[in-house]
$ cat run.txt   # compact mmCIF, C-alpha atoms and all ligand atoms
# COMPACT_ATOMS: atom_id res chain seq x y z
CA MET A 1 -9.32 -49.02 52.75
CA ALA A 2 -9.15 -49.26 48.98
CA LYS A 3 -12.00 -50.94 47.22
CA ILE A 4 -11.31 -53.32 44.37
CA LYS A 5 -13.95 -53.57 41.73
CA GLN A 6 -14.51 -56.36 39.26
CA SER A 7 -14.18 -53.76 36.49
CA GLU A 8 -10.47 -53.37 37.26
CA PHE A 9 -9.87 -56.87 35.98
CA GLU A 10 -10.27 -58.24 32.52
CA ASP A 11 -13.71 -59.47 31.52
CA GLU A 12 -12.94 -63.15 31.79
CA GLU A 13 -11.36 -62.86 35.22
CA LYS A 14 -13.52 -63.38 38.27
CA LEU A 15 -12.61 -62.37 41.80
CA LEU A 16 -12.72 -65.12 44.40
CA SER A 17 -12.85 -64.80 48.19
CA PRO A 18 -9.94 -62.83 49.57
CA THR A 19 -7.62 -64.14 52.27
CA ILE A 20 -5.69 -62.01 54.71
CA VAL A 21 -1.95 -62.60 54.97
CA ILE A 22 -0.30 -61.19 58.07
CA ASN A 23 3.37 -60.48 57.66
CA LYS A 24 5.82 -59.17 60.28
CA LYS A 25 5.74 -55.70 58.79
CA TYR A 26 2.39 -55.41 57.13
CA THR A 27 -0.93 -57.04 56.41
CA MET A 28 -1.82 -58.03 52.89
CA ILE A 29 -5.03 -59.09 51.33
CA HIS A 30 -4.68 -61.79 48.70
CA ILE A 31 -7.50 -61.91 46.19
CA PRO A 32 -7.38 -64.98 44.00
CA ILE A 33 -8.54 -64.50 40.44
CA LYS A 34 -10.35 -67.19 38.56
CA ASN A 35 -9.90 -67.31 34.85
CA GLU A 36 -12.57 -68.96 32.80
CA ILE A 37 -11.10 -70.17 29.59
CA GLU A 38 -13.86 -71.04 27.17
CA ASP A 39 -12.21 -73.22 24.60
CA ILE A 40 -9.32 -75.49 25.38
CA THR A 41 -9.61 -77.73 22.30
CA PRO A 42 -6.17 -79.08 21.42
CA ILE A 43 -4.67 -77.55 18.33
CA LYS A 44 -5.00 -80.64 16.10
CA GLU A 45 -8.73 -80.83 16.79
CA ARG A 46 -9.10 -77.12 16.33
CA MET A 47 -7.32 -77.13 12.98
CA LYS A 48 -9.72 -79.83 11.71
CA LYS A 49 -12.61 -77.37 11.87
CA GLU A 50 -14.23 -76.43 8.58
CA HIS A 51 -13.72 -72.72 9.20
CA ILE A 52 -10.66 -71.50 11.01
CA LYS A 53 -8.77 -68.24 11.11
CA VAL A 54 -5.02 -68.21 11.63
CA CYS A 55 -2.87 -65.20 12.43
CA GLY A 56 0.73 -65.31 11.22
CA ILE A 57 3.10 -63.02 13.07
CA ALA A 58 6.46 -61.74 11.86
CA PHE A 59 8.65 -59.73 14.20
CA SER A 60 10.90 -57.01 12.85
CA ASN A 61 13.65 -54.69 13.95
CA SER A 62 11.96 -51.70 12.31
CA ASP A 63 9.36 -49.37 13.78
CA ASN A 64 6.97 -52.31 13.52
CA PHE A 65 7.44 -54.63 16.46
CA ALA A 66 5.08 -57.17 14.96
CA ILE A 67 3.31 -57.63 11.64
CA CYS A 68 0.14 -59.67 12.03
CA VAL A 69 -1.75 -61.19 9.11
CA VAL A 70 -5.02 -63.09 9.40
CA ILE A 71 -5.97 -65.69 6.80
CA ASP A 72 -8.82 -68.18 6.58
CA GLU A 73 -8.70 -71.93 5.94
CA ASN A 74 -8.48 -71.28 2.18
CA ARG A 75 -5.36 -69.14 2.64
CA LYS A 76 -7.45 -66.10 1.78
CA PHE A 77 -6.22 -62.84 3.28
CA VAL A 78 -8.59 -61.39 5.89
CA LYS A 79 -6.82 -58.53 7.66
CA ALA A 80 -3.40 -57.19 8.63
CA LYS A 81 -2.10 -55.06 11.47
CA PHE A 82 1.30 -53.47 11.89
CA ILE A 83 2.08 -52.95 15.55
CA LYS A 84 4.25 -49.90 15.87
CA GLY A 85 6.42 -48.43 18.62
CA GLY A 86 9.79 -49.99 17.77
CA LYS A 87 11.54 -46.69 17.13
CA GLN A 88 10.10 -45.12 20.26
CA TYR A 89 11.23 -48.11 22.32
CA GLN A 90 14.72 -47.94 20.88
CA LYS A 91 14.97 -44.21 21.47
CA LYS A 92 13.90 -44.52 25.11
CA THR A 93 16.28 -47.37 25.88
CA GLN A 94 19.15 -45.70 24.02
CA MET A 95 18.85 -42.62 26.21
CA ILE A 96 19.26 -44.75 29.32
CA LEU A 97 22.10 -46.77 27.82
CA ASN A 98 23.86 -43.48 27.07
CA GLU A 99 23.50 -42.46 30.72
CA ILE A 100 25.09 -45.73 31.82
CA LYS A 101 27.87 -45.19 29.30
CA LYS A 102 28.59 -41.75 30.76
CA HIS A 103 28.99 -43.25 34.23
CA ARG A 104 31.32 -45.90 32.89
CA GLN A 105 33.40 -43.33 31.11
CA LYS A 106 33.96 -41.72 34.49
CA GLY A 107 35.58 -44.97 35.52
CA GLU A 108 32.64 -46.51 37.39
CA LYS A 109 32.43 -50.24 37.20
CA PHE A 110 29.52 -52.34 36.02
CA GLY A 111 27.02 -53.27 38.72
CA GLU A 112 27.66 -50.33 40.98
CA LYS A 113 24.76 -49.09 43.00
CA ASN A 114 24.12 -45.95 40.99
CA HIS A 115 23.66 -47.99 37.83
CA LYS A 116 20.93 -50.10 39.36
CA LYS A 117 18.20 -47.54 38.77
CA TYR A 118 19.11 -47.38 35.07
CA TRP A 119 18.93 -51.14 34.63
CA GLU A 120 15.62 -51.12 36.45
CA LYS A 121 14.38 -48.42 34.11
CA LEU A 122 15.46 -50.46 31.08
CA ASN A 123 13.64 -53.45 32.46
CA HIS A 124 10.56 -51.38 33.18
CA ILE A 125 10.43 -49.95 29.64
CA SER A 126 10.96 -53.40 28.11
CA ASP A 127 8.19 -54.80 30.25
CA TYR A 128 5.83 -51.98 29.32
CA TYR A 129 6.32 -52.49 25.58
CA SER A 130 6.13 -56.28 25.85
CA HIS A 131 2.77 -56.02 27.57
CA LYS A 132 1.53 -53.37 25.17
CA VAL A 133 2.52 -55.22 22.00
CA SER A 134 1.27 -58.63 23.20
CA LYS A 135 -2.05 -57.08 24.24
CA GLU A 136 -2.47 -55.38 20.87
CA ILE A 137 -1.81 -58.68 19.10
CA VAL A 138 -4.37 -60.54 21.19
CA ASP A 139 -6.96 -57.76 20.81
CA PHE A 140 -6.49 -57.80 17.04
CA CYS A 141 -6.86 -61.60 17.01
CA LYS A 142 -10.02 -61.44 19.11
CA GLU A 143 -11.54 -58.79 16.81
CA ASN A 144 -10.92 -61.08 13.85
CA GLU A 145 -12.01 -64.34 15.54
CA VAL A 146 -8.57 -65.86 15.25
CA GLU A 147 -8.24 -69.24 16.96
CA VAL A 148 -4.61 -70.04 16.21
CA ILE A 149 -1.53 -67.81 16.19
CA SER A 150 1.45 -68.96 14.16
CA ILE A 151 4.99 -67.81 14.91
CA THR A 152 8.43 -69.11 13.95
CA ASP A 153 10.53 -71.22 16.25
CA MET A 154 13.05 -68.89 17.84
CA ASN A 155 15.56 -71.39 19.21
CA GLU A 156 17.98 -70.84 16.37
CA ASP A 157 18.27 -67.19 17.30
CA ILE A 158 19.65 -67.73 20.79
CA ASN A 159 23.27 -67.04 20.13
CA LYS A 160 25.68 -64.22 20.66
CA ASN A 161 25.88 -63.35 16.99
CA PHE A 162 22.18 -62.65 16.83
CA THR A 163 22.32 -60.30 19.82
CA LYS A 164 25.43 -58.68 18.41
CA SER A 165 23.89 -58.08 15.01
CA VAL A 166 20.57 -56.65 16.22
CA GLY A 167 21.80 -54.96 19.40
CA ARG A 168 20.37 -55.30 22.88
CA TYR A 169 17.21 -53.32 23.59
CA SER A 170 16.25 -53.27 19.92
CA PRO A 171 12.66 -54.09 18.85
CA ILE A 172 13.58 -57.58 17.64
CA TYR A 173 15.54 -58.26 20.82
CA LEU A 174 12.32 -57.73 22.76
CA ARG A 175 10.58 -60.44 20.75
CA ARG A 176 11.21 -63.21 23.27
CA ARG A 177 9.56 -61.26 26.05
CA ILE A 178 6.66 -60.23 23.82
CA VAL A 179 6.07 -63.91 22.96
CA LYS A 180 6.27 -64.89 26.63
CA TYR A 181 3.48 -62.46 27.48
CA LEU A 182 1.62 -63.30 24.30
CA GLU A 183 1.44 -66.96 25.31
CA TYR A 184 -0.18 -66.09 28.58
CA LYS A 185 -2.58 -63.51 27.16
CA ALA A 186 -3.55 -65.68 24.17
CA PHE A 187 -4.23 -68.66 26.40
CA LYS A 188 -6.55 -66.56 28.55
CA SER A 189 -8.46 -65.67 25.38
CA SER A 190 -8.67 -69.30 24.19
CA ILE A 191 -6.19 -68.71 21.37
CA ILE A 192 -3.52 -71.35 20.78
CA ILE A 193 0.01 -70.49 19.66
CA THR A 194 1.86 -72.84 17.37
CA ARG A 195 5.48 -72.65 16.23
CA ILE A 196 6.57 -73.44 12.71
CA ARG A 197 10.07 -73.87 11.33
CA LYS A 198 11.62 -70.74 9.94
CA ASN A 199 12.54 -72.33 6.61
CA TYR A 200 11.97 -69.94 3.72
CA THR A 201 9.36 -67.83 5.50
CA ALA A 202 11.42 -64.74 4.73
CA SER A 203 13.04 -65.76 1.46
CA LYS A 204 10.12 -67.04 -0.66
CA CYS A 205 7.16 -65.20 -2.14
CA TYR A 206 3.90 -66.17 -0.42
CA ILE A 207 2.01 -65.99 -3.73
CA CYS A 208 4.22 -68.07 -6.04
CA ARG A 209 6.97 -69.51 -3.79
CA GLY A 210 9.55 -67.79 -6.02
CA ASN A 211 12.73 -66.40 -4.50
CA ILE A 212 12.50 -62.85 -3.28
CA LYS A 213 14.87 -59.94 -3.03
CA ARG A 214 14.60 -57.50 -0.17
CA LYS A 215 14.89 -53.75 -0.67
CA ASN A 216 14.65 -52.10 2.74
CA LEU A 217 11.11 -52.84 3.89
CA GLU A 218 9.89 -53.98 0.48
CA PHE A 219 10.29 -57.20 -1.45
CA GLU A 220 10.15 -58.23 -5.05
CA CYS A 221 9.98 -61.84 -6.19
CA GLU A 222 11.47 -63.37 -9.33
CA ASN A 223 8.00 -63.45 -10.89
CA GLY A 224 7.32 -59.77 -10.27
CA HIS A 225 5.22 -59.84 -7.09
CA LYS A 226 5.96 -56.87 -4.87
CA GLY A 227 4.98 -55.70 -1.44
CA ASP A 228 5.93 -55.28 2.19
CA TYR A 229 8.78 -57.58 3.16
CA PHE A 230 7.40 -58.45 6.61
CA PHE A 231 3.84 -58.81 5.34
CA ASN A 232 5.20 -61.50 3.02
CA SER A 233 6.89 -63.25 5.96
CA ALA A 234 3.74 -63.11 8.09
CA MET A 235 1.65 -64.54 5.22
CA ASN A 236 4.15 -67.40 4.83
CA ILE A 237 4.09 -68.04 8.59
CA ALA A 238 0.27 -68.22 8.56
CA ILE A 239 0.18 -70.43 5.43
CA MET A 240 2.79 -72.80 6.88
CA CYS A 241 0.58 -73.28 9.92
CA LEU A 242 -2.29 -74.44 7.67
CA LYS A 243 0.12 -76.76 5.83
CA LYS A 244 1.49 -78.17 9.10
CA PHE A 245 -2.01 -79.34 9.99
CA GLY A 246 -2.82 -80.63 6.50
CA LYS A 247 -4.93 -77.75 5.18
ZN ZN B 301 5.85 -64.22 -6.40

$ encode --input "run.txt" --output "structure tokens"
Amino acid sequence: MAKIKQSEFEDEEKLLSPTIVINKKYTMIHIPIKNEIEDITPIKERMKKEHIKVCGIAFSNSDNFAICVVIDENRKFVKAKFIKGGKQYQKKTQMILNEIKKHRQKGEKFGEKNHKKYWEKLNHISDYYSHKVSKEIVDFCKENEVEVISITDMNEDINKNFTKSVGRYSPIYLRRRIVKYLEYKAFKSSIIITRIRKNYTASKCYICRGNIKRKNLEFECENGHKGDYFFNSAMNIAIMCLKKFGK
């Protein structure tokens, strides 16, 4: 019989007494896991603290799945991390989509049995990257003592045009799943996620609020500030979180 050690679970998870479940075909052992979440202070209370670190996250359709920027309560920049893998993800999914396309070109219809394994593969790859990216975000936040993560509200993006313009199985398309896993992983690490409105986070300069122009992955504002386009967005997203809570 396989032994399960505490070390196979994350630090904050504790194993509880197992129960045996007897099914018609097999016997299973259920081991409940207890999560001890240290700090469950509501966000408003948390944001009142004298010292607080906020991580703004911008998602992109480039090789960077997520651009994370940590600032303190004075809007001072602390640290940034670009979470890569977007191109690799797109390449892997594209290969599978091409396989499906080949089958269809032979006249096979959607949903036939031999396509199932490809869709399962796509789902598996998407799941893998969503877990990987969300874990890297949370690890980065923990390293930098971040208590609040700020992201933009995504509701406006749920429409066909958005999917059409970015393509399915693109890095930005995966954002919803990344956020879903991020919510769960952040909560386990006592980090709260807040959503801010998207207004101007990508079109204004985080330094002077001037209008910006995008050139590929760079930006330049009307007052001459330059830099990474998504870094600018992530800074705005973090700053807007401080503003939202009166800082
Ligand atoms: Zn500027």

$ residues_around --input "run.txt" --residues "Lys79 in chain A" --least-positions-apart "5" --cutoff "9 Å" --atoms "only C-alpha atoms" --output "list in words"
Cys68, Val69, Val70, Ile71 and Asn144 of chain A

$ atom_distance --input "run.txt" --atom1 "CA of Lys142 in chain A" --atom2 "CA of Ile191 in chain A"
8.5 Å

$ closest_atom_pairs --input "run.txt" --of "chain A" --to "ligand ZN 301 (chain B)" --cutoff "7 Å" --atoms "all atoms listed in the file" --output "Markdown table"
| residue | atom | partner | partner_atom | distance |
| --- | --- | --- | --- | --- |
| A:Cys205 | CA | B:ZN301 | ZN | 4.6 |
| A:Tyr206 | CA | B:ZN301 | ZN | 6.6 |
| A:Ile207 | CA | B:ZN301 | ZN | 5.0 |
| A:Cys208 | CA | B:ZN301 | ZN | 4.2 |
| A:Arg209 | CA | B:ZN301 | ZN | 6.0 |
| A:Gly210 | CA | B:ZN301 | ZN | 5.2 |
| A:Cys221 | CA | B:ZN301 | ZN | 4.8 |
| A:Glu222 | CA | B:ZN301 | ZN | 6.4 |
| A:Asn223 | CA | B:ZN301 | ZN | 5.0 |
| A:Gly224 | CA | B:ZN301 | ZN | 6.1 |
| A:His225 | CA | B:ZN301 | ZN | 4.5 |

$ atom_distance --input "run.txt" --atom1 "CA of Arg177 in chain A" --atom2 "CA of Met154 in chain A"
11.7 Å

$ closest_residue --input "run.txt" --among "A:Leu242, A:Ile100, A:Ile193, A:Leu174" --to "Asn123 in chain A" --atoms "all atoms listed in the file"
A:Leu174

$ atom_distance --input "run.txt" --atom1 "CA of Lys91 in chain A" --atom2 "CA of Ser170 in chain A"
9.3 Å

$ residues_near_point --input "run.txt" --point "(2.5, -63.2, 12.2)" --cutoff "7 Å" --atoms "all atoms listed in the file" --output "ChimeraX atom specification"
/A:55-58,67-69,150-151,234,237-238

$ write_last_selection --input "run.txt" --atoms "C-alpha atoms" --output "compact mmCIF listing (two decimals), keeping the file's coordinate frame"
# COMPACT_ATOMS: atom_id res chain seq x y z
CA CYS A 55 -2.87 -65.20 12.43
CA GLY A 56 0.73 -65.31 11.22
CA ILE A 57 3.10 -63.02 13.07
CA ALA A 58 6.46 -61.74 11.86
CA ILE A 67 3.31 -57.63 11.64
CA CYS A 68 0.14 -59.67 12.03
CA VAL A 69 -1.75 -61.19 9.11
CA SER A 150 1.45 -68.96 14.16
CA ILE A 151 4.99 -67.81 14.91
CA ALA A 234 3.74 -63.11 8.09
CA ILE A 237 4.09 -68.04 8.59
CA ALA A 238 0.27 -68.22 8.56

$ residues_near_point --input "run.txt" --point "(2.9, -60.3, 22.1)" --cutoff "8 Å" --atoms "all atoms listed in the file" --output "list in words"
Ser130, His131, Lys132, Val133, Ser134, Lys135, Glu136, Ile137, Val138, Arg175, Arg177, Ile178, Val179, Lys180, Tyr181, Leu182 and Glu183 of chain A

$ write_last_selection --input "run.txt" --atoms "C-alpha atoms" --output "JSON list (two decimals), in the coordinates of the input"
[["chain", "number", "residue", "atom", "x", "y", "z"],
["A", 130, "SER", "CA", 6.13, -56.28, 25.85],
["A", 131, "HIS", "CA", 2.77, -56.02, 27.57],
["A", 132, "LYS", "CA", 1.53, -53.37, 25.17],
["A", 133, "VAL", "CA", 2.52, -55.22, 22.00],
["A", 134, "SER", "CA", 1.27, -58.63, 23.20],
["A", 135, "LYS", "CA", -2.05, -57.08, 24.24],
["A", 136, "GLU", "CA", -2.47, -55.38, 20.87],
["A", 137, "ILE", "CA", -1.81, -58.68, 19.10],
["A", 138, "VAL", "CA", -4.37, -60.54, 21.19],
["A", 175, "ARG", "CA", 10.58, -60.44, 20.75],
["A", 177, "ARG", "CA", 9.56, -61.26, 26.05],
["A", 178, "ILE", "CA", 6.66, -60.23, 23.82],
["A", 179, "VAL", "CA", 6.07, -63.91, 22.96],
["A", 180, "LYS", "CA", 6.27, -64.89, 26.63],
["A", 181, "TYR", "CA", 3.48, -62.46, 27.48],
["A", 182, "LEU", "CA", 1.62, -63.30, 24.30],
["A", 183, "GLU", "CA", 1.44, -66.96, 25.31]]

$ residues_around --input "run.txt" --residues "Lys121 in chain A" --least-positions-apart "6" --cutoff "12 Å" --atoms "only C-alpha atoms" --output "PyMOL selection string"
chain A and resi 92-97+99-100+115+127-128+169

$ axis_aligned_box --input "run.txt" --around "range 139-153 of chain A" --padding-each-side "6 Å" --output "AutoDock Vina command-line options"
--center_x -0.7 --center_y -64.5 --center_z 17.3 --size_x 34.5 --size_y 25.5 --size_z 19.0

$ residues_around --input "run.txt" --residues "Lys198 in chain A" --least-positions-apart "5" --cutoff "10 Å" --atoms "only C-alpha atoms" --output "list in words"
Ile151, Thr152, Asp153, Met154, Glu156, Ser203, Ser233, Asn236, Ile237 and Met240 of chain A

$ closest_residue --input "run.txt" --among "A:Lys106, A:Lys113, A:Lys76, A:Lys44" --to "Met235 in chain A" --atoms "all atoms listed in the file"
A:Lys76

$ closest_residue --input "run.txt" --among "A:Tyr173, A:Tyr118, A:Tyr229, A:Phe59" --to "Lys84 in chain A" --atoms "all atoms listed in the file"
A:Phe59

$ residues_around --input "run.txt" --residues "Thr41 in chain A" --least-positions-apart "5" --cutoff "9 Å" --atoms "all atoms listed in the file" --output "VMD selection string"
chain A and resid 46 190 192

$ decode --input "run.txt" --residues "range 116-155 of chain A" --atoms "N, CA and C atoms" --output "CSV table (one decimal), in the first residue's frame"
chain,number,residue,atom,x,y,z
A,116,LYS,N,-11.6,13.2,-29.3
A,116,LYS,CA,-11.7,13.4,-27.9
A,116,LYS,C,-10.4,13.5,-27.2
A,117,LYS,N,-9.5,12.6,-27.6
A,117,LYS,CA,-8.1,12.7,-27.0
A,117,LYS,C,-7.4,14.0,-27.2
A,118,TYR,N,-7.7,14.6,-28.4
A,118,TYR,CA,-7.0,15.9,-28.6
A,118,TYR,C,-7.6,17.0,-27.8
A,119,TRP,N,-8.9,17.0,-27.6
A,119,TRP,CA,-9.5,18.0,-26.7
A,119,TRP,C,-9.1,17.8,-25.3
A,120,GLU,N,-8.9,16.6,-24.9
A,120,GLU,CA,-8.5,16.3,-23.6
A,120,GLU,C,-7.0,16.8,-23.4
A,121,LYS,N,-6.2,16.6,-24.4
A,121,LYS,CA,-4.9,17.1,-24.4
A,121,LYS,C,-4.8,18.6,-24.2
A,122,LEU,N,-5.7,19.3,-25.0
A,122,LEU,CA,-5.7,20.8,-24.9
A,122,LEU,C,-6.1,21.2,-23.5
A,123,ASN,N,-7.1,20.5,-23.0
A,123,ASN,CA,-7.5,20.8,-21.6
A,123,ASN,C,-6.4,20.6,-20.6
A,124,HIS,N,-5.7,19.5,-20.8
A,124,HIS,CA,-4.6,19.1,-19.9
A,124,HIS,C,-3.5,20.2,-19.9
A,125,ILE,N,-3.1,20.6,-21.1
A,125,ILE,CA,-2.1,21.6,-21.3
A,125,ILE,C,-2.5,23.0,-20.7
A,126,SER,N,-3.8,23.3,-20.9
A,126,SER,CA,-4.3,24.6,-20.4
A,126,SER,C,-4.3,24.5,-18.8
A,127,ASP,N,-4.7,23.4,-18.3
A,127,ASP,CA,-4.7,23.2,-16.9
A,127,ASP,C,-3.3,23.3,-16.3
A,128,TYR,N,-2.4,22.7,-16.9
A,128,TYR,CA,-1.0,22.7,-16.5
A,128,TYR,C,-0.4,24.1,-16.4
A,129,TYR,N,-0.6,24.9,-17.5
A,129,TYR,CA,-0.1,26.3,-17.5
A,129,TYR,C,-0.9,27.2,-16.5
A,130,SER,N,-2.2,26.9,-16.3
A,130,SER,CA,-2.9,27.8,-15.4
A,130,SER,C,-2.5,27.5,-13.9
A,131,HIS,N,-2.2,26.3,-13.6
A,131,HIS,CA,-1.6,26.0,-12.3
A,131,HIS,C,-0.2,26.6,-12.1
A,132,LYS,N,0.6,26.4,-13.1
A,132,LYS,CA,2.0,26.9,-13.1
A,132,LYS,C,2.0,28.4,-12.9
A,133,VAL,N,1.3,29.1,-13.8
A,133,VAL,CA,1.3,30.6,-13.7
A,133,VAL,C,0.8,31.1,-12.4
A,134,SER,N,-0.4,30.5,-12.0
A,134,SER,CA,-1.0,31.0,-10.7
A,134,SER,C,-0.1,30.7,-9.5
A,135,LYS,N,0.6,29.6,-9.5
A,135,LYS,CA,1.5,29.3,-8.4
A,135,LYS,C,2.7,30.2,-8.4
A,136,GLU,N,3.2,30.6,-9.6
A,136,GLU,CA,4.4,31.5,-9.7
A,136,GLU,C,4.0,32.9,-9.2
A,137,ILE,N,2.7,33.3,-9.5
A,137,ILE,CA,2.3,34.6,-9.0
A,137,ILE,C,2.2,34.6,-7.5
A,138,VAL,N,1.6,33.5,-6.9
A,138,VAL,CA,1.4,33.5,-5.5
A,138,VAL,C,2.8,33.4,-4.8
A,139,ASP,N,3.7,32.6,-5.3
A,139,ASP,CA,5.0,32.5,-4.7
A,139,ASP,C,5.7,33.8,-4.7
A,140,PHE,N,5.6,34.5,-5.8
A,140,PHE,CA,6.3,35.9,-5.9
A,140,PHE,C,5.6,36.8,-4.9
A,141,CYS,N,4.3,36.7,-4.7
A,141,CYS,CA,3.6,37.6,-3.8
A,141,CYS,C,4.1,37.3,-2.3
A,142,LYS,N,4.2,36.0,-2.1
A,142,LYS,CA,4.6,35.6,-0.7
A,142,LYS,C,6.1,36.1,-0.4
A,143,GLU,N,6.9,35.9,-1.4
A,143,GLU,CA,8.3,36.4,-1.3
A,143,GLU,C,8.4,37.8,-0.9
A,144,ASN,N,7.5,38.6,-1.5
A,144,ASN,CA,7.5,40.0,-1.3
A,144,ASN,C,6.5,40.6,-0.3
A,145,GLU,N,5.9,39.7,0.5
A,145,GLU,CA,5.0,40.0,1.6
A,145,GLU,C,3.8,40.8,1.1
A,146,VAL,N,3.3,40.4,-0.1
A,146,VAL,CA,2.1,41.1,-0.6
A,146,VAL,C,0.9,40.6,0.1
A,147,GLU,N,0.0,41.5,0.5
A,147,GLU,CA,-1.3,41.1,1.1
A,147,GLU,C,-2.5,41.2,0.3
A,148,VAL,N,-2.4,42.0,-0.8
A,148,VAL,CA,-3.5,42.2,-1.7
A,148,VAL,C,-3.0,42.2,-3.1
A,149,ILE,N,-3.8,41.4,-3.9
A,149,ILE,CA,-3.5,41.3,-5.4
A,149,ILE,C,-4.6,42.1,-6.1
A,150,SER,N,-4.2,43.0,-7.0
A,150,SER,CA,-5.2,43.8,-7.8
A,150,SER,C,-5.2,43.3,-9.2
A,151,ILE,N,-6.4,43.0,-9.7
A,151,ILE,CA,-6.5,42.7,-11.2
A,151,ILE,C,-7.7,43.5,-11.7
A,152,THR,N,-7.8,43.5,-13.0
A,152,THR,CA,-8.9,44.3,-13.6
A,152,THR,C,-10.1,43.3,-13.7
A,153,ASP,N,-11.3,44.0,-13.7
A,153,ASP,CA,-12.5,43.3,-13.8
A,153,ASP,C,-12.6,42.7,-15.3
A,154,MET,N,-12.9,41.4,-15.4
A,154,MET,CA,-12.8,40.9,-16.8
A,154,MET,C,-14.2,40.7,-17.4
A,155,ASN,N,-15.2,41.1,-16.8
A,155,ASN,CA,-16.6,40.9,-17.3
A,155,ASN,C,-16.8,41.4,-18.7
